[in-house]
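One structure is given below, encoded as structure tokens.
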Amino acid sequence: MQRTTFGDMACSIARTLDVIWEPWSPLILRDVWVGMRRFDEIQADLGISRKVLTERLNHLVGEGVLERRKYDPRPRYEYHLTIKGAELLDLLMVMVRWGDKWLAGKAGPPVLYRHHACGEITSVELHCAHCGEPMRAGDIDLLPGPGAAV
């Protein structure tokens, strides 16, 4: 039988994919992050059908990644990142770094990122939360966690 959901797998990558692994979801999160919060703004930016956008927004709200806030009695809603959704932006920033390195072409990256704290143009780097050293996949061992048997 073909799997239709990854949410029941004992794997954080699979569970995350169950939330965002549909091409429009990361782009919707990006748009909300940069300030496009209304349905029509997101639709115009992405060129996505109303039906698909409605489905994706409902999914992201249902997953607790976005929240709806009414701004008009018709009703009309704005979409805002929840704390859970804001933390997904870190994942998107890692995707940006990879895309800028491998897919930007001769023209360079389409967007530059300035760090608020130091004011410098930069990119995301992964570091160990304990020692601060740079961290790549080859620098870690995978060990069973408390949720491995779930």
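Just so we're on the same page: first chain in the structure tokens is A, next is B, and so on; residues restart at 1 for each chain, and ligands are numbered from 1 in the order they show up.
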Query - Contacts of Thr82 (chain A) at 7 Å (only C-alpha atoms; same-chain gap of 4+ positions) as a VMD selection string - result: chain A and resid 64 to 67 86
Write the selection just made, keeping N, CA and C atoms, as a CSV table (one decimal), in the first residue's frame?
chain,number,residue,atom,x,y,z
A,64,GLY,N,-1.1,24.4,12.7
A,64,GLY,CA,-0.7,25.3,13.8
A,64,GLY,C,0.5,26.1,13.3
A,65,VAL,N,0.7,26.2,12.0
A,65,VAL,CA,1.9,27.0,11.5
A,65,VAL,C,1.5,28.4,11.2
A,66,LEU,N,0.2,28.6,10.7
A,66,LEU,CA,-0.3,29.9,10.5
A,66,LEU,C,-1.6,30.1,11.4
A,67,GLU,N,-1.9,31.3,11.7
A,67,GLU,CA,-3.2,31.6,12.3
A,67,GLU,C,-4.0,32.6,11.5
A,86,ALA,N,7.0,30.4,12.7
A,86,ALA,CA,8.2,31.2,12.7
A,86,ALA,C,9.5,30.4,12.8
Query - Residues within 10 Å of region 108-116 of chain A, only C-alpha atoms, excluding chain neighbours under 6 positions, as an NGL selection string - result: :A and (93 or 96-97 or 99-102 or 122-124)
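Closest approach to Leu27 (chain A) from the set A:Asp139, A:Asp40, A:Asp45, A:Asp72 is made by A:Asp45, with distances taken over only C-alpha atoms.
Of the residues listed (A:Arg15, A:Glu22, A:Glu78, A:Lys70), A:Glu78 shows the shortest atom-to-atom separation from Phe39 (chain A); distances use only C-alpha atoms.
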Report task. Please return as a PyMOL selection string: the residues of chain A that backbone DSSP assigns to alpha helix (DSSP H). Result -> chain A and resi 12-20+24-33+39-46+50-62+83-102
Query - Polymer residues at most 12 Å from Leu81 (chain A), only C-alpha atoms, same-chain spacing of 4 or more positions, as a PyMOL selection string - result: chain A and resi 28-37+57+60-61+63-69+85-89
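Every protein or nucleic acid residue with an atom no more than 6 Å from Phe6 (chain A), counting only C-alpha atoms and leaving out same-chain residues fewer than 2 positions away, appears here: Asp8, Met9, Ala14, Arg15 and Asp18 of chain A.
Counting from CA of Pro73 (chain A), the distance to CA of Ala44 (chain A) is 22.3 Å.
Note that CA of Ile48 (chain A) and CA of Gly7 (chain A) are 25.7 Å apart.
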